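*Asks:* Next up, entry.pdb (PDB, C-alpha atoms, pLDDT in the B column).
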```
ATOM      1  CA  MET J   3     -60.029  -6.346  13.193  1.00 50.00           C
ATOM      2  CA  ASN J   4     -63.748  -6.173  12.766  1.00 55.00           C
ATOM      3  CA  LYS J   5     -64.995  -5.325   9.322  1.00 57.00           C
ATOM      4  CA  LYS J   6     -67.473  -2.528   9.129  1.00 61.00           C
ATOM      5  CA  THR J   7     -70.775  -3.840   7.835  1.00 64.00           C
ATOM      6  CA  ARG J   8     -72.665  -1.796   5.334  1.00 69.00           C
ATOM      7  CA  SER J   9     -76.381  -1.513   5.461  1.00 69.00           C
ATOM      8  CA  PRO J  10     -78.157  -2.271   2.188  1.00 69.00           C
ATOM      9  CA  LEU J  11     -79.298   0.615   0.035  1.00 71.00           C
ATOM     10  CA  PHE J  12     -82.811  -0.814  -0.260  1.00 69.00           C
ATOM     11  CA  HIS J  13     -85.017  -2.593   2.226  1.00 67.00           C
ATOM     12  CA  ILE J  14     -87.912  -4.724   0.984  1.00 68.00           C
ATOM     13  CA  THR J  15     -90.711  -5.084   3.481  1.00 70.00           C
ATOM     14  CA  LYS J  16     -94.192  -6.477   3.232  1.00 66.00           C
ATOM     15  CA  ARG J  17     -96.784  -3.788   2.590  1.00 69.00           C
ATOM     16  CA  ASP J  18     -99.462  -3.334   5.215  1.00 70.00           C
ATOM     17  CA  ALA J  19    -103.068  -4.010   4.347  1.00 75.00           C
ATOM     18  CA  LEU J  20    -104.464  -1.403   1.961  1.00 78.00           C
ATOM     19  CA  PRO J  21    -108.028  -0.241   1.401  1.00 84.00           C
ATOM     20  CA  TRP J  22    -109.598  -1.904  -1.607  1.00 84.00           C
ATOM     21  CA  TYR J  23    -109.643   1.303  -3.656  1.00 87.00           C
ATOM     22  CA  LYS J  24    -105.910   1.869  -3.163  1.00 87.00           C
ATOM     23  CA  SER J  25    -105.171  -1.744  -4.018  1.00 86.00           C
ATOM     24  CA  TRP J  26    -107.133  -1.565  -7.265  1.00 91.00           C
ATOM     25  CA  GLY J  27    -105.707   1.878  -7.975  1.00 92.00           C
ATOM     26  CA  ILE J  28    -102.175   0.482  -7.819  1.00 90.00           C
ATOM     27  CA  ARG J  29    -103.128  -2.290 -10.241  1.00 90.00           C
ATOM     28  CA  ALA J  30    -104.719   0.182 -12.641  1.00 94.00           C
ATOM     29  CA  ALA J  31    -101.673   2.471 -12.460  1.00 95.00           C
ATOM     30  CA  ALA J  32     -99.363  -0.491 -13.162  1.00 94.00           C
ATOM     31  CA  ILE J  33    -101.380  -1.451 -16.255  1.00 94.00           C
ATOM     32  CA  LEU J  34    -101.453   2.143 -17.488  1.00 94.00           C
ATOM     33  CA  LEU J  35     -97.715   2.544 -16.947  1.00 95.00           C
ATOM     34  CA  ALA J  36     -97.055  -0.715 -18.820  1.00 94.00           C
ATOM     35  CA  LEU J  37     -99.122   0.537 -21.782  1.00 92.00           C
ATOM     36  CA  ILE J  38     -97.223   3.815 -21.816  1.00 93.00           C
ATOM     37  CA  VAL J  39     -93.820   2.124 -21.694  1.00 94.00           C
ATOM     38  CA  CYS J  40     -94.834  -0.299 -24.464  1.00 91.00           C
ATOM     39  CA  SER J  41     -96.043   2.654 -26.550  1.00 90.00           C
ATOM     40  CA  ILE J  42     -92.708   4.397 -26.194  1.00 92.00           C
ATOM     41  CA  ILE J  43     -90.796   1.231 -27.134  1.00 90.00           C
ATOM     42  CA  THR J  44     -93.102   0.583 -30.105  1.00 86.00           C
ATOM     43  CA  THR J  45     -92.659   4.111 -31.446  1.00 86.00           C
ATOM     44  CA  THR J  46     -88.901   4.092 -30.896  1.00 87.00           C
ATOM     45  CA  MET J  47     -88.144   0.642 -32.326  1.00 87.00           C
ATOM     46  CA  THR J  48     -90.643   0.334 -35.176  1.00 85.00           C
ATOM     47  CA  GLY J  49     -92.040   3.790 -35.844  1.00 85.00           C
ATOM     48  CA  GLU J  50     -95.576   2.425 -35.703  1.00 86.00           C
ATOM     49  CA  ASN J  51     -98.455   4.315 -34.166  1.00 89.00           C
ATOM     50  CA  PRO J  52     -99.010   2.639 -30.755  1.00 89.00           C
ATOM     51  CA  LEU J  53    -102.726   3.435 -30.854  1.00 89.00           C
ATOM     52  CA  GLN J  54    -103.064   1.500 -34.088  1.00 91.00           C
ATOM     53  CA  VAL J  55    -101.098  -1.371 -32.579  1.00 89.00           C
ATOM     54  CA  TYR J  56    -103.428  -1.514 -29.587  1.00 90.00           C
ATOM     55  CA  ALA J  57    -106.439  -1.264 -31.900  1.00 92.00           C
ATOM     56  CA  THR J  58    -105.128  -4.253 -33.869  1.00 91.00           C
ATOM     57  CA  ILE J  59    -104.649  -6.225 -30.665  1.00 89.00           C
ATOM     58  CA  PHE J  60    -108.184  -5.375 -29.542  1.00 91.00           C
ATOM     59  CA  ASN J  61    -109.628  -6.359 -32.909  1.00 92.00           C
ATOM     60  CA  GLY J  62    -107.693  -9.614 -32.859  1.00 90.00           C
ATOM     61  CA  SER J  63    -109.314 -10.491 -29.528  1.00 88.00           C
ATOM     62  CA  PHE J  64    -112.859  -9.127 -29.933  1.00 89.00           C
ATOM     63  CA  GLY J  65    -113.244  -8.579 -33.669  1.00 88.00           C
ATOM     64  CA  SER J  66    -115.620 -11.486 -34.279  1.00 89.00           C
ATOM     65  CA  PRO J  67    -117.544 -14.120 -32.297  1.00 85.00           C
ATOM     66  CA  ARG J  68    -114.955 -16.711 -33.297  1.00 85.00           C
ATOM     67  CA  LYS J  69    -112.117 -14.538 -31.939  1.00 88.00           C
ATOM     68  CA  VAL J  70    -113.980 -14.014 -28.671  1.00 86.00           C
ATOM     69  CA  TRP J  71    -114.528 -17.775 -28.409  1.00 82.00           C
ATOM     70  CA  VAL J  72    -110.816 -18.468 -28.879  1.00 84.00           C
ATOM     71  CA  LEU J  73    -109.921 -15.709 -26.395  1.00 86.00           C
ATOM     72  CA  LEU J  74    -112.181 -17.119 -23.678  1.00 83.00           C
ATOM     73  CA  GLN J  75    -110.880 -20.624 -24.302  1.00 81.00           C
ATOM     74  CA  ASN J  76    -107.280 -19.427 -23.917  1.00 84.00           C
ATOM     75  CA  ILE J  77    -108.180 -17.435 -20.799  1.00 85.00           C
ATOM     76  CA  ALA J  78    -109.705 -20.522 -19.189  1.00 83.00           C
ATOM     77  CA  MET J  79    -106.589 -22.563 -19.945  1.00 83.00           C
ATOM     78  CA  LEU J  80    -104.191 -19.907 -18.628  1.00 85.00           C
ATOM     79  CA  LEU J  81    -106.361 -19.403 -15.555  1.00 86.00           C
ATOM     80  CA  CYS J  82    -106.133 -23.109 -14.755  1.00 84.00           C
ATOM     81  CA  ILE J  83    -102.334 -22.988 -15.056  1.00 85.00           C
ATOM     82  CA  ALA J  84    -102.138 -19.877 -12.854  1.00 86.00           C
ATOM     83  CA  LEU J  85    -104.338 -21.500 -10.216  1.00 85.00           C
ATOM     84  CA  ALA J  86    -102.221 -24.656 -10.331  1.00 83.00           C
ATOM     85  CA  VAL J  87     -98.996 -22.838  -9.404  1.00 84.00           C
ATOM     86  CA  THR J  88    -100.624 -20.461  -6.884  1.00 85.00           C
ATOM     87  CA  PRO J  89    -100.232 -22.828  -3.876  1.00 84.00           C
ATOM     88  CA  ALA J  90     -96.583 -23.402  -4.826  1.00 83.00           C
ATOM     89  CA  PHE J  91     -95.855 -19.687  -5.004  1.00 84.00           C
ATOM     90  CA  LYS J  92     -97.716 -19.201  -1.712  1.00 82.00           C
ATOM     91  CA  MET J  93     -95.161 -21.535  -0.130  1.00 82.00           C
ATOM     92  CA  ARG J  94     -92.322 -19.872  -2.076  1.00 82.00           C
ATOM     93  CA  PHE J  95     -91.737 -23.057  -4.029  1.00 83.00           C
ATOM     94  CA  TRP J  96     -90.788 -21.363  -7.280  1.00 85.00           C
ATOM     95  CA  ASN J  97     -92.284 -23.783  -9.746  1.00 85.00           C
ATOM     96  CA  ILE J  98     -91.891 -22.502 -13.301  1.00 87.00           C
ATOM     97  CA  GLY J  99     -92.570 -25.914 -14.780  1.00 85.00           C
ATOM     98  CA  GLY J 100     -96.257 -25.343 -15.411  1.00 86.00           C
ATOM     99  CA  GLU J 101     -95.678 -25.764 -19.125  1.00 88.00           C
ATOM    100  CA  GLY J 102     -94.055 -29.158 -18.708  1.00 90.00           C
ATOM    101  CA  GLN J 103     -96.752 -30.363 -16.342  1.00 90.00           C
ATOM    102  CA  VAL J 104     -99.464 -29.257 -18.753  1.00 90.00           C
ATOM    103  CA  LEU J 105     -97.682 -31.021 -21.604  1.00 91.00           C
ATOM    104  CA  ALA J 106     -97.372 -34.199 -19.528  1.00 92.00           C
ATOM    105  CA  GLY J 107    -101.092 -34.118 -18.790  1.00 90.00           C
ATOM    106  CA  ALA J 108    -101.932 -33.395 -22.419  1.00 88.00           C
ATOM    107  CA  LEU J 109     -99.719 -36.262 -23.527  1.00 90.00           C
ATOM    108  CA  ALA J 110    -101.542 -38.684 -21.238  1.00 91.00           C
ATOM    109  CA  ALA J 111    -104.923 -37.412 -22.443  1.00 88.00           C
ATOM    110  CA  ALA J 112    -103.846 -37.788 -26.071  1.00 86.00           C
ATOM    111  CA  ALA J 113    -102.667 -41.333 -25.399  1.00 87.00           C
ATOM    112  CA  CYS J 114    -106.088 -42.233 -23.998  1.00 86.00           C
ATOM    113  CA  MET J 115    -107.800 -40.635 -26.988  1.00 83.00           C
ATOM    114  CA  ILE J 116    -105.656 -42.524 -29.502  1.00 81.00           C
ATOM    115  CA  CYS J 117    -105.921 -45.885 -27.743  1.00 82.00           C
ATOM    116  CA  LEU J 118    -109.506 -45.840 -26.458  1.00 81.00           C
ATOM    117  CA  ARG J 119    -111.571 -43.758 -28.878  1.00 74.00           C
ATOM    118  CA  ASN J 120    -112.823 -46.802 -30.773  1.00 75.00           C
ATOM    119  CA  THR J 121    -113.255 -49.124 -27.813  1.00 80.00           C
ATOM    120  CA  LEU J 122    -115.116 -47.182 -25.089  1.00 79.00           C
ATOM    121  CA  PRO J 123    -118.176 -44.908 -24.986  1.00 80.00           C
ATOM    122  CA  ASN J 124    -117.572 -41.173 -25.286  1.00 79.00           C
ATOM    123  CA  ALA J 125    -118.176 -40.424 -21.595  1.00 80.00           C
ATOM    124  CA  LEU J 126    -115.720 -43.091 -20.453  1.00 85.00           C
ATOM    125  CA  VAL J 127    -113.078 -41.858 -22.890  1.00 83.00           C
ATOM    126  CA  ILE J 128    -113.332 -38.342 -21.469  1.00 84.00           C
ATOM    127  CA  MET J 129    -113.204 -39.672 -17.887  1.00 87.00           C
ATOM    128  CA  CYS J 130    -110.095 -41.722 -18.661  1.00 88.00           C
ATOM    129  CA  MET J 131    -108.480 -38.689 -20.292  1.00 87.00           C
ATOM    130  CA  CYS J 132    -109.185 -36.532 -17.207  1.00 87.00           C
ATOM    131  CA  VAL J 133    -107.882 -39.091 -14.714  1.00 90.00           C
ATOM    132  CA  SER J 134    -104.769 -39.953 -16.705  1.00 91.00           C
ATOM    133  CA  SER J 135    -103.888 -36.308 -17.328  1.00 89.00           C
ATOM    134  CA  ILE J 136    -104.208 -35.520 -13.607  1.00 87.00           C
ATOM    135  CA  LEU J 137    -101.974 -38.447 -12.673  1.00 90.00           C
ATOM    136  CA  ALA J 138     -99.393 -37.549 -15.333  1.00 91.00           C
ATOM    137  CA  GLY J 139     -99.280 -33.905 -14.230  1.00 89.00           C
ATOM    138  CA  ALA J 140     -98.984 -34.991 -10.591  1.00 86.00           C
ATOM    139  CA  LEU J 141     -96.067 -37.289 -11.411  1.00 89.00           C
ATOM    140  CA  TRP J 142     -94.304 -34.565 -13.411  1.00 90.00           C
ATOM    141  CA  GLY J 143     -94.659 -32.143 -10.494  1.00 87.00           C
ATOM    142  CA  PHE J 144     -93.730 -34.765  -7.901  1.00 88.00           C
ATOM    143  CA  ILE J 145     -90.271 -35.384  -9.359  1.00 90.00           C
ATOM    144  CA  PRO J 146     -88.760 -31.927  -8.654  1.00 89.00           C
ATOM    145  CA  ALA J 147     -90.615 -31.715  -5.326  1.00 86.00           C
ATOM    146  CA  TYR J 148     -89.088 -35.016  -4.205  1.00 88.00           C
ATOM    147  CA  PHE J 149     -85.557 -33.841  -4.985  1.00 90.00           C
ATOM    148  CA  LYS J 150     -86.279 -30.514  -3.291  1.00 86.00           C
ATOM    149  CA  ALA J 151     -87.475 -32.244  -0.118  1.00 83.00           C
ATOM    150  CA  LYS J 152     -84.778 -34.940  -0.173  1.00 84.00           C
ATOM    151  CA  TYR J 153     -81.686 -33.094  -1.444  1.00 88.00           C
ATOM    152  CA  ASN J 154     -82.713 -29.411  -1.300  1.00 85.00           C
ATOM    153  CA  THR J 155     -82.212 -28.962  -5.045  1.00 88.00           C
ATOM    154  CA  ASN J 156     -83.082 -25.731  -6.813  1.00 89.00           C
ATOM    155  CA  GLU J 157     -86.709 -26.153  -7.875  1.00 87.00           C
ATOM    156  CA  THR J 158     -86.567 -23.238 -10.329  1.00 89.00           C
ATOM    157  CA  LEU J 159     -83.899 -24.831 -12.511  1.00 90.00           C
ATOM    158  CA  PHE J 160     -85.282 -28.335 -12.027  1.00 92.00           C
ATOM    159  CA  THR J 161     -88.807 -27.456 -13.157  1.00 91.00           C
ATOM    160  CA  LEU J 162     -87.457 -25.336 -16.019  1.00 91.00           C
ATOM    161  CA  MET J 163     -85.381 -28.208 -17.390  1.00 93.00           C
ATOM    162  CA  MET J 164     -88.329 -30.597 -17.160  1.00 92.00           C
ATOM    163  CA  ASN J 165     -90.277 -28.295 -19.489  1.00 93.00           C
ATOM    164  CA  TYR J 166     -87.796 -29.096 -22.250  1.00 94.00           C
ATOM    165  CA  ILE J 167     -87.914 -32.832 -21.545  1.00 94.00           C
ATOM    166  CA  ALA J 168     -91.687 -32.864 -21.967  1.00 92.00           C
ATOM    167  CA  ALA J 169     -91.577 -30.663 -25.075  1.00 92.00           C
ATOM    168  CA  TYR J 170     -88.938 -32.752 -26.851  1.00 92.00           C
ATOM    169  CA  PHE J 171     -90.640 -36.014 -25.959  1.00 91.00           C
ATOM    170  CA  ILE J 172     -93.854 -34.747 -27.541  1.00 89.00           C
ATOM    171  CA  GLN J 173     -91.844 -33.644 -30.573  1.00 89.00           C
ATOM    172  CA  TYR J 174     -90.453 -37.181 -30.858  1.00 89.00           C
ATOM    173  CA  LEU J 175     -93.957 -38.677 -30.741  1.00 86.00           C
ATOM    174  CA  ARG J 176     -95.314 -36.128 -33.216  1.00 84.00           C
ATOM    175  CA  GLU J 177     -92.581 -36.834 -35.745  1.00 83.00           C
ATOM    176  CA  GLY J 178     -92.409 -40.558 -35.061  1.00 81.00           C
ATOM    177  CA  PRO J 179     -94.850 -43.062 -33.551  1.00 82.00           C
ATOM    178  CA  TRP J 180     -97.854 -40.724 -33.406  1.00 80.00           C
ATOM    179  CA  ARG J 181     -97.456 -39.000 -36.762  1.00 81.00           C
ATOM    180  CA  ASP J 182    -100.759 -38.859 -38.612  1.00 76.00           C
ATOM    181  CA  PRO J 183    -100.339 -40.656 -41.987  1.00 74.00           C
ATOM    182  CA  ALA J 184    -103.227 -38.610 -43.416  1.00 74.00           C
ATOM    183  CA  LYS J 185    -101.120 -35.413 -43.203  1.00 72.00           C
ATOM    184  CA  ASN J 186     -98.990 -36.414 -46.221  1.00 72.00           C
ATOM    185  CA  GLY J 187     -95.665 -36.311 -44.403  1.00 68.00           C
ATOM    186  CA  PHE J 188     -96.283 -33.244 -42.237  1.00 73.00           C
ATOM    187  CA  PRO J 189     -95.309 -33.886 -38.577  1.00 76.00           C
ATOM    188  CA  GLU J 190     -98.730 -33.629 -36.939  1.00 76.00           C
ATOM    189  CA  MET J 191    -100.622 -35.800 -34.506  1.00 75.00           C
ATOM    190  CA  PRO J 192    -104.171 -36.971 -35.226  1.00 72.00           C
ATOM    191  CA  ARG J 193    -106.844 -34.468 -34.271  1.00 73.00           C
ATOM    192  CA  PHE J 194    -108.926 -35.232 -31.225  1.00 70.00           C
ATOM    193  CA  ALA J 195    -112.031 -37.165 -32.149  1.00 67.00           C
ATOM    194  CA  SER J 196    -115.390 -35.637 -31.313  1.00 67.00           C
ATOM    195  CA  ALA J 197    -115.819 -38.356 -28.684  1.00 63.00           C
ATOM    196  CA  ALA J 198    -112.870 -36.905 -26.762  1.00 67.00           C
ATOM    197  CA  ARG J 199    -114.003 -33.264 -26.707  1.00 73.00           C
ATOM    198  CA  LEU J 200    -115.981 -31.490 -24.031  1.00 75.00           C
ATOM    199  CA  PRO J 201    -119.181 -29.806 -25.203  1.00 74.00           C
ATOM    200  CA  ALA J 202    -119.684 -26.068 -25.474  1.00 73.00           C
ATOM    201  CA  VAL J 203    -121.607 -24.254 -22.729  1.00 75.00           C
ATOM    202  CA  LEU J 204    -123.117 -20.862 -23.621  1.00 73.00           C
ATOM    203  CA  GLY J 205    -121.200 -21.017 -26.870  1.00 70.00           C
ATOM    204  CA  VAL J 206    -117.807 -21.484 -25.176  1.00 70.00           C
ATOM    205  CA  HIS J 207    -115.782 -24.617 -24.466  1.00 71.00           C
ATOM    206  CA  ALA J 208    -116.909 -26.119 -21.138  1.00 76.00           C
ATOM    207  CA  GLY J 209    -113.426 -25.696 -19.700  1.00 75.00           C
ATOM    208  CA  TRP J 210    -114.368 -22.261 -18.354  1.00 79.00           C
ATOM    209  CA  ILE J 211    -116.728 -23.926 -15.866  1.00 84.00           C
ATOM    210  CA  PHE J 212    -113.895 -26.070 -14.527  1.00 82.00           C
ATOM    211  CA  ALA J 213    -111.649 -22.991 -14.328  1.00 83.00           C
ATOM    212  CA  LEU J 214    -114.162 -21.116 -12.156  1.00 86.00           C
ATOM    213  CA  ALA J 215    -114.719 -24.169  -9.948  1.00 88.00           C
ATOM    214  CA  ILE J 216    -110.963 -24.595  -9.459  1.00 85.00           C
ATOM    215  CA  ALA J 217    -110.611 -20.888  -8.601  1.00 87.00           C
ATOM    216  CA  LEU J 218    -113.205 -21.266  -5.854  1.00 91.00           C
ATOM    217  CA  PHE J 219    -111.537 -24.437  -4.577  1.00 88.00           C
ATOM    218  CA  VAL J 220    -108.086 -22.781  -4.418  1.00 87.00           C
ATOM    219  CA  LEU J 221    -109.532 -19.787  -2.550  1.00 88.00           C
ATOM    220  CA  ILE J 222    -111.149 -22.012   0.083  1.00 90.00           C
ATOM    221  CA  TYR J 223    -108.096 -24.275   0.303  1.00 86.00           C
ATOM    222  CA  LEU J 224    -105.602 -21.472   0.907  1.00 86.00           C
ATOM    223  CA  ARG J 225    -107.708 -19.364   3.262  1.00 87.00           C
ATOM    224  CA  TYR J 226    -109.831 -21.752   5.280  1.00 88.00           C
ATOM    225  CA  THR J 227    -108.000 -25.086   5.584  1.00 87.00           C
ATOM    226  CA  LYS J 228    -105.202 -26.381   7.758  1.00 86.00           C
ATOM    227  CA  HIS J 229    -103.137 -27.321   4.728  1.00 84.00           C
ATOM    228  CA  GLY J 230    -103.412 -23.806   3.343  1.00 84.00           C
ATOM    229  CA  TYR J 231    -102.241 -22.394   6.689  1.00 86.00           C
ATOM    230  CA  GLU J 232     -99.256 -24.749   6.664  1.00 85.00           C
ATOM    231  CA  LEU J 233     -98.282 -23.575   3.184  1.00 84.00           C
ATOM    232  CA  THR J 234     -98.322 -19.987   4.396  1.00 83.00           C
ATOM    233  CA  VAL J 235     -96.186 -20.749   7.451  1.00 85.00           C
ATOM    234  CA  VAL J 236     -93.622 -22.739   5.461  1.00 84.00           C
ATOM    235  CA  GLY J 237     -93.474 -19.965   2.868  1.00 81.00           C
ATOM    236  CA  ASP J 238     -92.973 -17.231   5.462  1.00 79.00           C
ATOM    237  CA  ASN J 239     -90.312 -19.012   7.520  1.00 81.00           C
ATOM    238  CA  ILE J 240     -89.358 -22.640   7.043  1.00 81.00           C
ATOM    239  CA  THR J 241     -87.393 -22.652  10.313  1.00 82.00           C
ATOM    240  CA  THR J 242     -90.458 -21.543  12.238  1.00 80.00           C
ATOM    241  CA  ALA J 243     -92.505 -24.247  10.534  1.00 82.00           C
ATOM    242  CA  ARG J 244     -90.014 -26.917  11.608  1.00 84.00           C
ATOM    243  CA  TYR J 245     -89.891 -25.517  15.154  1.00 83.00           C
ATOM    244  CA  ALA J 246     -93.692 -25.703  15.298  1.00 81.00           C
ATOM    245  CA  GLY J 247     -93.504 -29.399  14.427  1.00 84.00           C
ATOM    246  CA  MET J 248     -94.774 -29.158  10.856  1.00 84.00           C
ATOM    247  CA  PRO J 249     -93.550 -31.945   8.526  1.00 85.00           C
ATOM    248  CA  VAL J 250     -91.974 -29.626   5.971  1.00 82.00           C
ATOM    249  CA  ASN J 251     -90.800 -32.344   3.583  1.00 82.00           C
ATOM    250  CA  ARG J 252     -94.222 -33.975   3.619  1.00 83.00           C
ATOM    251  CA  ILE J 253     -95.861 -30.599   2.965  1.00 83.00           C
ATOM    252  CA  ILE J 254     -93.606 -30.037  -0.059  1.00 80.00           C
ATOM    253  CA  LEU J 255     -94.435 -33.470  -1.477  1.00 79.00           C
ATOM    254  CA  ARG J 256     -98.140 -32.975  -0.826  1.00 80.00           C
ATOM    255  CA  LEU J 257     -97.965 -29.635  -2.585  1.00 76.00           C
ATOM    256  CA  SER J 258     -96.488 -31.309  -5.673  1.00 71.00           C
ATOM    257  CA  LEU J 259     -99.596 -33.477  -5.951  1.00 69.00           C
ATOM    258  CA  ILE J 260    -101.920 -30.491  -5.588  1.00 65.00           C
ATOM    259  CA  HIS J 261    -100.481 -27.950  -8.049  1.00 53.00           C
ATOM    260  CA  ILE J 262    -101.294 -29.947 -11.192  1.00 47.00           C
TER     261      ILE J 262
END
```
What does this structure look like when you write it as structure tokens?
*Replies:*
Amino acid sequence: MNKKTRSPLFHITKRDALPWYKSWGIRAAAILLALIVCSIITTTMTGENPLQVYATIFNGSFGSPRKVWVLLQNIAMLLCIALAVTPAFKMRFWNIGGEGQVLAGALAAAACMICLRNTLPNALVIMCMCVSSILAGALWGFIPAYFKAKYNTNETLFTLMMNYIAAYFIQYLREGPWRDPAKNGFPEMPRFASAARLPAVLGVHAGWIFALAIALFVLIYLRYTKHGYELTVVGDNITTARYAGMPVNRIILRLSLIHI
């Protein structure tokens, strides 16, 4: 006896191309709706005036030149992380281990700073920190990608768990071998020496220049290169990609070395 199949209540389909004004209008409506919902929750749960809450948030971000400087520095860092996982999401490789990969890179950079700050010129210290952090982040992203390509493991859980490994290893170093004796027992690492810091450009940490350059690189890579096209095909239909002769496992491993 054949079972009667039920059609799903909802069908999710890809939206057709929209005019730019409709696309931006949808984004603006989403932001406005989010503000309204947050206002309702704030009033219901705390009794606070949501307008005052938003005013406090705005003042905390733009209230002084120092606050603006910190805001732009944080934006540049978050933009770099978002750009790093964009190719993975394009291929539907759900990497949520950006935090762990950033921590791995930061750990390698800190190791170079601690070991080399008194032995090499400033420029060489910064170059070693950049190279080592890239390699460490690549290795941390390569591990889950290898198991995904080899054993088809769940990359979401794998990358999530590796976040905790990186965080607890840094905690061990902070409270143990790398604890700063000048902090009088507080578990803190030594501050980065001036030799290991990038200069400010237009009053803001130079990282924003790298963030903009990476954004341009990711745009060109995804839209105008063969590798970017392969990521799109694998993300849309992995069976089609294999039928077309694309080395899917190699593409996954290559992606792990790119989104760092």
*Asks:* Given the point (-86.7, -32.0, -9.6) in the coordinates of this file, which residues lie within 12 Å, counting only C-alpha atoms, and how would they look as a PyMOL selection string?
*Replies:* chain J and resi 95-99+141-165+254-255+258
*Asks:* Out of J:Val236, J:Ala243, J:Ile28, J:Ile136, which residue has the shortest atom-to-atom distance to Ala90 (chain J) when counting only C-alpha atoms?
*Replies:*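 Closest residue, counting only C-alpha atoms: J:Val236.
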*Asks:* If you measure from CA of Asn239 (chain J) to CA of Thr15 (chain J), what distance in Å do you get, rounded to one decimal?
*Replies:*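 Distance reported for this atom pair: 14.5 Å.
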*Asks:* What's the 9 Å shell around Ala106 (chain J), counting only C-alpha atoms, without same-chain residues fewer than 2 positions away, as number ranges by chain?
*Replies:* J: 101-104, 108-111, 135, 138-139, 141-142, 168-169, 172
*Asks:* Return as a tab-separated table the residues of region 31-109 of chain J lying at most 9 Å from region 187-211 of chain J, together with the closest atom-to-atom pair for each and the distance in Å to one decimal, counting only C-alpha atoms, with rows in chain order and ascending residue number.
*Replies:*
```
residue	atom	partner	partner_atom	distance
J:Trp71	CA	J:Val206	CA	5.9
J:Val72	CA	J:Val206	CA	8.5
J:Leu74	CA	J:Val206	CA	7.3
J:Gln75	CA	J:His207	CA	6.3
J:Ile77	CA	J:Trp210	CA	8.2
J:Ala78	CA	J:Trp210	CA	5.0
J:Met79	CA	J:Gly209	CA	7.5
J:Leu81	CA	J:Trp210	CA	9.0
```
*Asks:* Would you mind reading off the distance between CA of Ala213 (chain J) and CA of Leu80 (chain J), one decimal, in Å?
*Replies:*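 CA of Leu80 (chain J) lies at a distance of 9.1 Å from CA of Ala213 (chain J).
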*Asks:* Taking into account only C-alpha atoms, which residue in the set J:Ala112, J:Val133, J:Phe60, J:Tyr231 is nearest to Arg176 (chain J)?
*Replies:*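 Closest to Arg176 (chain J) of all the choices is J:Ala112.
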*Asks:* State, in Å with one decimal place, the distance from CA of Ala86 (chain J) to CA of Asn251 (chain J).
*Replies:* 19.6 Å
*Asks:* Once 5 Å is added on each side, what centre and edge lengths in Å to one decimal does the axis-aligned box around all listed atoms of region 140-149 of chain J have, as JSON?
*Replies:*
```
{"center_x": -92.3, "center_y": -34.5, "center_z": -8.8, "size_x": 23.4, "size_y": 15.6, "size_z": 19.2}
```
*Asks:* I want to know what sits within 8 Å of Cys130 (chain J), based on all atoms listed in the file, with residues of the same chain fewer than 4 positions away left out; could you give that as a VMD selection string?
*Replies:* chain J and resid 111 114 126 134
*Asks:* Could the residues in this selection be saved with C-alpha atoms as a PDB file, keeping the file's coordinate frame?
*Replies:*
```pdb
ATOM      1  CA  ALA J 111    -104.923 -37.412 -22.443  1.00 88.00           C
ATOM      2  CA  CYS J 114    -106.088 -42.233 -23.998  1.00 86.00           C
ATOM      3  CA  LEU J 126    -115.720 -43.091 -20.453  1.00 85.00           C
ATOM      4  CA  SER J 134    -104.769 -39.953 -16.705  1.00 91.00           C
TER       5      SER J 134
END
```
*Asks:* Find the residues near region 219-225 of chain J: any atom within 9 Å, counting all atoms listed in the file, skip ones fewer than 5 places away on the same chain, and give them as an MDAnalysis selection string.
*Replies:* chainID J and resid 85:86 88:89 92 214 230:231 233:234
